[in-house]
Amino acid sequence: MLCMLLSLFLFFLAADLLLWPFLRYSQVTPPQLSLSTGSHNDAIVVLAGRGGRLKTGFSLWQQGIAPYLLIIGANPRTTAKDILTLYAHELEGHTTPQTDYLLLESQSHNTLTNIVALREIINDKNFHSLIIVTSPFHLKRVYHLCRKLLPKHIEIVFHPAPTTAPELGDNSRATPLPLAIKEFIKYINALLQLPRT
């Protein structure tokens, strides 16, 4: 009986320690880009990955939403010219953006190192406002890591890209609970990798 009570106590303690951080994490709604406001941003940041992230970011860039397009976590073999060629058909009727304003970062390999690499670019270019393009289910984790790692004065809005991820079904906006929990665990894992200050 004592063993069962102790097991229950430990179960509820663990649930309490994880439940409240998860609820705080998941209740945040990252600020979304509003195309109707006409606000100026320094750069569009695409976190490389599956789905339509790159196409979405490129489309915003060719609309003149921001002067710079940053692709973080790009394939090391990809060049700015390759991307302009890939999306040349989207530029018909629009001014061709300058390749000097298309920056590719290819050293980072996961969300945590993506944000660290982005921080270095922000400091180098003296950016103050960003639009971050990523998958809908990825937004909360990216938002929380940006708030932890990027300078506090940086204004960030998010723009979800269409996704074909099978776990989201037919482009659902609501992230299924198992995927939300998986993203939260990845977030906690990223926090554990942060250097102690």
# chains A, B, ... in the order shown; residues from 1 in each chain; ligands from 1
call {"tool": "residues_around", "arguments": {"residues": "His109 in chain A", "least_positions_apart": "6", "cutoff": "10 Å", "atoms": "only C-alpha atoms", "output": "PDB file with N, CA, C and O atoms, in the first residue's frame"}}
result
ATOM      1  N   ALA A  48      15.036  26.813 -42.752  1.00  0.00           N
ATOM      2  CA  ALA A  48      14.989  25.766 -43.773  1.00  0.00           C
ATOM      3  C   ALA A  48      14.369  24.492 -43.221  1.00  0.00           C
ATOM      4  O   ALA A  48      14.577  24.133 -42.059  1.00  0.00           O
ATOM      5  N   ILE A  72      18.101  30.319 -43.166  1.00  0.00           N
ATOM      6  CA  ILE A  72      18.912  29.783 -42.075  1.00  0.00           C
ATOM      7  C   ILE A  72      18.841  28.257 -42.098  1.00  0.00           C
ATOM      8  O   ILE A  72      17.757  27.685 -42.139  1.00  0.00           O
ATOM      9  N   GLY A  73      20.015  27.627 -42.078  1.00  0.00           N
ATOM     10  CA  GLY A  73      20.060  26.164 -42.156  1.00  0.00           C
ATOM     11  C   GLY A  73      19.972  25.666 -43.591  1.00  0.00           C
ATOM     12  O   GLY A  73      19.490  24.566 -43.851  1.00  0.00           O
ATOM     13  N   ALA A  74      20.463  26.479 -44.531  1.00  0.00           N
ATOM     14  CA  ALA A  74      20.405  26.127 -45.954  1.00  0.00           C
ATOM     15  C   ALA A  74      21.381  25.000 -46.270  1.00  0.00           C
ATOM     16  O   ALA A  74      22.363  24.773 -45.557  1.00  0.00           O
ATOM     17  N   ASN A  75      21.102  24.307 -47.358  1.00  0.00           N
ATOM     18  CA  ASN A  75      22.015  23.292 -47.858  1.00  0.00           C
ATOM     19  C   ASN A  75      23.333  23.972 -48.237  1.00  0.00           C
ATOM     20  O   ASN A  75      23.318  24.967 -48.969  1.00  0.00           O
ATOM     21  N   ALA A 117      22.585  31.093 -34.898  1.00  0.00           N
ATOM     22  CA  ALA A 117      23.146  31.661 -36.133  1.00  0.00           C
ATOM     23  C   ALA A 117      22.419  32.953 -36.505  1.00  0.00           C
ATOM     24  O   ALA A 117      23.044  33.935 -36.930  1.00  0.00           O
TER      25      ALA A 117
END
call {"tool": "select_by_dssp", "arguments": {"residues": "range 54-182 of chain A", "states": "helix (DSSP H, G or I)", "output": "ChimeraX atom specification"}}
result
/A:54-62,80-86,88-91,99-101,111-125,136-149,166-168,177-182
call {"tool": "residues_around", "arguments": {"residues": "range 186-193 of chain A", "least_positions_apart": "6", "cutoff": "8 Å", "atoms": "only C-alpha atoms", "output": "list of chain:residue names"}}
result
A:Leu112, A:Arg141, A:Leu145
call {"tool": "atom_distance", "arguments": {"atom1": "CA of Gly52 in chain A", "atom2": "CA of Phe158 in chain A"}}
result
14.5 Å
call {"tool": "closest_atom_pairs", "arguments": {"of": "range 98-181 of chain A", "to": "range 78-83 of chain A", "cutoff": "9 Å", "atoms": "only C-alpha atoms", "output": "Markdown table"}}
result
| residue | atom | partner | partner_atom | distance |
| --- | --- | --- | --- | --- |
| A:Thr99 | CA | A:Ala80 | CA | 6.1 |
| A:Asp100 | CA | A:Ala80 | CA | 8.6 |
| A:Leu102 | CA | A:Ala80 | CA | 6.2 |
| A:Leu103 | CA | A:Ala80 | CA | 7.2 |
| A:Leu104 | CA | A:Ala80 | CA | 7.1 |
| A:Ser106 | CA | A:Thr78 | CA | 8.8 |
call {"tool": "closest_residue", "arguments": {"among": "A:Val46, A:Glu105, A:Asn114, A:Arg53", "to": "Pro76 in chain A", "atoms": "only C-alpha atoms"}}
result
A:Glu105
call {"tool": "closest_residue", "arguments": {"among": "A:Val28, A:Leu84, A:Leu23, A:Ile122", "to": "Lys152 in chain A", "atoms": "only C-alpha atoms"}}
result
A:Ile122
call {"tool": "closest_residue", "arguments": {"among": "A:Glu183, A:Val157, A:Arg77, A:Leu35", "to": "Leu130 in chain A", "atoms": "only C-alpha atoms"}}
result
A:Val157
call {"tool": "residues_around", "arguments": {"residues": "Arg147 in chain A", "least_positions_apart": "6", "cutoff": "12 Å", "atoms": "only C-alpha atoms", "output": "ChimeraX atom specification"}}
result
/A:25,28,30,115-116,119,140-141,153-157,191
call {"tool": "write_last_selection", "arguments": {"atoms": "all heavy atoms", "output": "short mmCIF file (atom, residue, chain, number, x, y, z; two decimals), in the first residue's frame"}}
result
data_model
loop_
_atom_site.label_atom_id
_atom_site.label_comp_id
_atom_site.auth_asym_id
_atom_site.auth_seq_id
_atom_site.Cartn_x
_atom_site.Cartn_y
_atom_site.Cartn_z
N TYR A 25 3.87 27.16 -22.00
CA TYR A 25 4.49 27.09 -23.33
C TYR A 25 3.43 27.11 -24.42
O TYR A 25 3.52 27.85 -25.38
CB TYR A 25 5.34 25.82 -23.41
CG TYR A 25 5.79 25.42 -24.80
CD1 TYR A 25 6.99 25.87 -25.32
CD2 TYR A 25 5.01 24.56 -25.57
CE1 TYR A 25 7.41 25.50 -26.58
CE2 TYR A 25 5.42 24.18 -26.84
CZ TYR A 25 6.61 24.65 -27.34
OH TYR A 25 7.02 24.28 -28.60
N VAL A 28 0.87 30.37 -25.35
CA VAL A 28 1.38 31.56 -26.05
C VAL A 28 0.95 31.52 -27.51
O VAL A 28 1.03 30.48 -28.16
CB VAL A 28 2.92 31.62 -25.95
CG1 VAL A 28 3.49 32.66 -26.88
CG2 VAL A 28 3.34 31.89 -24.52
N PRO A 30 2.18 33.22 -30.82
CA PRO A 30 3.20 34.10 -31.41
C PRO A 30 2.55 35.16 -32.30
O PRO A 30 1.57 34.88 -32.99
CB PRO A 30 4.05 33.13 -32.25
CG PRO A 30 3.85 31.80 -31.61
CD PRO A 30 2.42 31.80 -31.14
N ILE A 115 18.66 29.49 -34.41
CA ILE A 115 18.43 30.76 -33.70
C ILE A 115 19.74 31.39 -33.26
O ILE A 115 19.91 32.61 -33.30
CB ILE A 115 17.47 30.55 -32.50
CG1 ILE A 115 16.16 29.89 -32.93
CG2 ILE A 115 17.19 31.88 -31.79
CD1 ILE A 115 15.40 30.61 -34.02
N VAL A 116 20.71 30.56 -32.87
CA VAL A 116 22.04 31.09 -32.51
C VAL A 116 22.69 31.75 -33.74
O VAL A 116 23.25 32.85 -33.64
CB VAL A 116 22.94 29.97 -31.93
CG1 VAL A 116 24.37 30.45 -31.77
CG2 VAL A 116 22.38 29.48 -30.59
N ARG A 119 21.04 35.03 -34.45
CA ARG A 119 21.50 36.07 -33.52
C ARG A 119 22.79 36.73 -34.02
O ARG A 119 22.94 37.95 -33.96
CB ARG A 119 21.72 35.45 -32.13
CG ARG A 119 22.16 36.46 -31.07
CD ARG A 119 22.25 35.82 -29.71
NE ARG A 119 23.23 34.75 -29.68
CZ ARG A 119 23.35 33.87 -28.69
NH1 ARG A 119 22.56 33.92 -27.65
NH2 ARG A 119 24.28 32.93 -28.75
N LYS A 140 5.58 27.80 -32.09
CA LYS A 140 5.71 28.05 -30.65
C LYS A 140 7.14 27.80 -30.16
O LYS A 140 7.68 28.57 -29.38
CB LYS A 140 4.72 27.19 -29.86
CG LYS A 140 3.28 27.68 -29.98
CD LYS A 140 2.36 26.90 -29.07
CE LYS A 140 0.90 27.15 -29.36
NZ LYS A 140 0.44 28.49 -29.07
N ARG A 141 7.74 26.71 -30.64
CA ARG A 141 9.11 26.40 -30.20
C ARG A 141 10.07 27.50 -30.67
O ARG A 141 10.92 27.97 -29.91
CB ARG A 141 9.55 25.04 -30.74
CG ARG A 141 10.96 24.66 -30.34
CD ARG A 141 11.19 23.17 -30.37
NE ARG A 141 10.84 22.51 -31.58
CZ ARG A 141 11.72 21.99 -32.46
NH1 ARG A 141 13.02 22.09 -32.22
NH2 ARG A 141 11.32 21.36 -33.53
N HIS A 153 15.29 43.80 -27.83
CA HIS A 153 14.73 44.91 -28.61
C HIS A 153 14.25 44.47 -30.00
O HIS A 153 13.59 45.24 -30.70
CB HIS A 153 15.78 46.03 -28.77
CG HIS A 153 16.91 45.66 -29.69
ND1 HIS A 153 18.00 44.96 -29.26
CD2 HIS A 153 17.09 45.89 -31.01
CE1 HIS A 153 18.83 44.78 -30.27
NE2 HIS A 153 18.30 45.32 -31.35
N ILE A 154 14.57 43.25 -30.41
CA ILE A 154 14.19 42.79 -31.75
C ILE A 154 12.68 42.55 -31.81
O ILE A 154 12.13 41.80 -31.00
CB ILE A 154 14.94 41.49 -32.13
CG1 ILE A 154 16.45 41.71 -32.09
CG2 ILE A 154 14.50 40.99 -33.50
CD1 ILE A 154 16.97 42.68 -33.11
N GLU A 155 12.03 43.17 -32.77
CA GLU A 155 10.61 42.92 -33.00
C GLU A 155 10.47 41.74 -33.95
O GLU A 155 11.08 41.73 -35.02
CB GLU A 155 9.93 44.15 -33.61
CG GLU A 155 9.87 45.34 -32.67
CD GLU A 155 9.24 46.55 -33.34
OE1 GLU A 155 8.41 46.37 -34.25
OE2 GLU A 155 9.60 47.67 -32.95
N ILE A 156 9.67 40.78 -33.55
CA ILE A 156 9.52 39.56 -34.37
C ILE A 156 8.05 39.28 -34.59
O ILE A 156 7.25 39.29 -33.65
CB ILE A 156 10.17 38.34 -33.69
CG1 ILE A 156 11.64 38.60 -33.36
CG2 ILE A 156 10.04 37.10 -34.57
CD1 ILE A 156 12.27 37.55 -32.50
N VAL A 157 7.70 39.03 -35.85
CA VAL A 157 6.38 38.49 -36.17
C VAL A 157 6.60 37.20 -36.95
O VAL A 157 7.68 36.97 -37.52
CB VAL A 157 5.51 39.48 -36.98
CG1 VAL A 157 5.13 40.68 -36.15
CG2 VAL A 157 6.19 39.91 -38.26
N LEU A 191 16.66 23.84 -24.32
CA LEU A 191 17.02 24.62 -23.12
C LEU A 191 18.14 23.96 -22.34
O LEU A 191 19.03 24.62 -21.81
CB LEU A 191 15.81 24.80 -22.21
CG LEU A 191 14.67 25.69 -22.71
CD1 LEU A 191 13.60 25.85 -21.62
CD2 LEU A 191 15.18 27.05 -23.17
#
call {"tool": "residues_around", "arguments": {"residues": "Pro136 in chain A", "least_positions_apart": "5", "cutoff": "8 Å", "atoms": "only C-alpha atoms", "output": "list in words"}}
result
Pro160, Ala161, Pro162, Thr163, Arg173 and Thr175 of chain A
call {"tool": "atom_distance", "arguments": {"atom1": "CA of Leu179 in chain A", "atom2": "CA of Tyr143 in chain A"}}
result
16.3 Å
call {"tool": "closest_residue", "arguments": {"among": "A:Leu149, A:Ala66, A:Ile185, A:Ala43", "to": "Asn126 in chain A", "atoms": "only C-alpha atoms"}}
result
A:Ala43
call {"tool": "closest_residue", "arguments": {"among": "A:Pro195, A:Arg24, A:Thr134, A:Ser129", "to": "Thr111 in chain A", "atoms": "only C-alpha atoms"}}
result
A:Thr134
call {"tool": "closest_residue", "arguments": {"among": "A:Ile132, A:Leu177, A:Leu33, A:Leu118", "to": "Leu150 in chain A", "atoms": "only C-alpha atoms"}}
result
A:Leu118
call {"tool": "select_by_dssp", "arguments": {"residues": "range 70-149 of chain A", "states": "strand (DSSP E)", "output": "ChimeraX atom specification"}}
result
/A:70-72,102-105,129-134
call {"tool": "write_last_selection", "arguments": {"atoms": "all heavy atoms", "output": "mmCIF file, in the first residue's frame"}}
result
data_model
loop_
_atom_site.group_PDB
_atom_site.id
_atom_site.type_symbol
_atom_site.label_atom_id
_atom_site.label_comp_id
_atom_site.auth_asym_id
_atom_site.auth_seq_id
_atom_site.Cartn_x
_atom_site.Cartn_y
_atom_site.Cartn_z
ATOM 1 N N LEU A 70 16.720 35.988 -45.469
ATOM 2 C CA LEU A 70 17.726 35.128 -44.847
ATOM 3 C C LEU A 70 17.212 33.696 -44.859
ATOM 4 O O LEU A 70 16.086 33.444 -44.420
ATOM 5 C CB LEU A 70 17.985 35.535 -43.391
ATOM 6 C CG LEU A 70 18.168 37.006 -43.060
ATOM 7 C CD1 LEU A 70 18.400 37.183 -41.571
ATOM 8 C CD2 LEU A 70 19.328 37.581 -43.838
ATOM 9 N N ILE A 71 18.034 32.785 -45.325
ATOM 10 C CA ILE A 71 17.681 31.369 -45.280
ATOM 11 C C ILE A 71 18.647 30.724 -44.296
ATOM 12 O O ILE A 71 19.847 30.633 -44.547
ATOM 13 C CB ILE A 71 17.748 30.722 -46.669
ATOM 14 C CG1 ILE A 71 16.792 31.466 -47.602
ATOM 15 C CG2 ILE A 71 17.389 29.245 -46.582
ATOM 16 C CD1 ILE A 71 16.924 31.117 -49.045
ATOM 17 N N ILE A 72 18.101 30.319 -43.166
ATOM 18 C CA ILE A 72 18.912 29.783 -42.075
ATOM 19 C C ILE A 72 18.841 28.257 -42.098
ATOM 20 O O ILE A 72 17.757 27.685 -42.139
ATOM 21 C CB ILE A 72 18.402 30.306 -40.711
ATOM 22 C CG1 ILE A 72 18.287 31.840 -40.709
ATOM 23 C CG2 ILE A 72 19.270 29.806 -39.567
ATOM 24 C CD1 ILE A 72 19.587 32.574 -40.817
ATOM 25 N N LEU A 102 20.057 38.528 -50.427
ATOM 26 C CA LEU A 102 19.642 37.150 -50.169
ATOM 27 C C LEU A 102 20.804 36.449 -49.472
ATOM 28 O O LEU A 102 21.835 36.169 -50.075
ATOM 29 C CB LEU A 102 19.295 36.441 -51.480
ATOM 30 C CG LEU A 102 18.976 34.950 -51.442
ATOM 31 C CD1 LEU A 102 17.895 34.633 -50.423
ATOM 32 C CD2 LEU A 102 18.557 34.464 -52.819
ATOM 33 N N LEU A 103 20.658 36.217 -48.170
ATOM 34 C CA LEU A 103 21.754 35.670 -47.371
ATOM 35 C C LEU A 103 21.446 34.230 -46.984
ATOM 36 O O LEU A 103 20.347 33.936 -46.494
ATOM 37 C CB LEU A 103 21.956 36.502 -46.098
ATOM 38 C CG LEU A 103 22.149 38.010 -46.295
ATOM 39 C CD1 LEU A 103 22.288 38.705 -44.943
ATOM 40 C CD2 LEU A 103 23.364 38.285 -47.166
ATOM 41 N N LEU A 104 22.418 33.345 -47.209
ATOM 42 C CA LEU A 104 22.263 31.940 -46.865
ATOM 43 C C LEU A 104 23.225 31.568 -45.749
ATOM 44 O O LEU A 104 24.424 31.845 -45.841
ATOM 45 C CB LEU A 104 22.544 31.045 -48.082
ATOM 46 C CG LEU A 104 21.406 30.869 -49.076
ATOM 47 C CD1 LEU A 104 21.085 32.162 -49.787
ATOM 48 C CD2 LEU A 104 21.751 29.798 -50.092
ATOM 49 N N GLU A 105 22.689 30.959 -44.715
ATOM 50 C CA GLU A 105 23.503 30.453 -43.604
ATOM 51 C C GLU A 105 23.401 28.939 -43.655
ATOM 52 O O GLU A 105 22.306 28.382 -43.699
ATOM 53 C CB GLU A 105 22.965 31.007 -42.277
ATOM 54 C CG GLU A 105 23.767 30.608 -41.045
ATOM 55 C CD GLU A 105 23.509 29.184 -40.577
ATOM 56 O OE1 GLU A 105 22.360 28.709 -40.697
ATOM 57 O OE2 GLU A 105 24.469 28.547 -40.095
ATOM 58 N N SER A 129 13.952 44.338 -36.774
ATOM 59 C CA SER A 129 12.630 43.719 -36.925
ATOM 60 C C SER A 129 12.699 42.594 -37.954
ATOM 61 O O SER A 129 13.318 42.735 -39.009
ATOM 62 C CB SER A 129 11.595 44.766 -37.350
ATOM 63 O OG SER A 129 12.011 45.414 -38.537
ATOM 64 N N LEU A 130 12.051 41.487 -37.625
ATOM 65 C CA LEU A 130 12.125 40.281 -38.451
ATOM 66 C C LEU A 130 10.744 39.667 -38.671
ATOM 67 O O LEU A 130 9.872 39.754 -37.808
ATOM 68 C CB LEU A 130 12.990 39.210 -37.773
ATOM 69 C CG LEU A 130 14.406 39.577 -37.340
ATOM 70 C CD1 LEU A 130 14.993 38.450 -36.511
ATOM 71 C CD2 LEU A 130 15.272 39.875 -38.552
ATOM 72 N N ILE A 131 10.599 39.009 -39.816
ATOM 73 C CA ILE A 131 9.469 38.127 -40.068
ATOM 74 C C ILE A 131 10.068 36.727 -40.151
ATOM 75 O O ILE A 131 10.957 36.478 -40.978
ATOM 76 C CB ILE A 131 8.781 38.449 -41.403
ATOM 77 C CG1 ILE A 131 8.273 39.890 -41.421
ATOM 78 C CG2 ILE A 131 7.649 37.462 -41.677
ATOM 79 C CD1 ILE A 131 7.929 40.392 -42.804
ATOM 80 N N ILE A 132 9.620 35.826 -39.309
ATOM 81 C CA ILE A 132 10.144 34.459 -39.332
ATOM 82 C C ILE A 132 9.114 33.540 -39.967
ATOM 83 O O ILE A 132 7.949 33.501 -39.550
ATOM 84 C CB ILE A 132 10.529 33.978 -37.925
ATOM 85 C CG1 ILE A 132 11.678 34.840 -37.393
ATOM 86 C CG2 ILE A 132 10.914 32.495 -37.944
ATOM 87 C CD1 ILE A 132 12.221 34.440 -36.042
ATOM 88 N N VAL A 133 9.554 32.821 -40.984
ATOM 89 C CA VAL A 133 8.699 31.884 -41.710
ATOM 90 C C VAL A 133 9.095 30.464 -41.321
ATOM 91 O O VAL A 133 10.256 30.079 -41.459
ATOM 92 C CB VAL A 133 8.845 32.065 -43.243
ATOM 93 C CG1 VAL A 133 8.007 31.036 -43.995
ATOM 94 C CG2 VAL A 133 8.473 33.483 -43.663
ATOM 95 N N THR A 134 8.127 29.716 -40.833
ATOM 96 C CA THR A 134 8.358 28.312 -40.507
ATOM 97 C C THR A 134 7.016 27.592 -40.536
ATOM 98 O O THR A 134 5.988 28.189 -40.834
ATOM 99 C CB THR A 134 9.084 28.157 -39.155
ATOM 100 O OG1 THR A 134 9.503 26.799 -39.014
ATOM 101 C CG2 THR A 134 8.216 28.571 -37.995
#
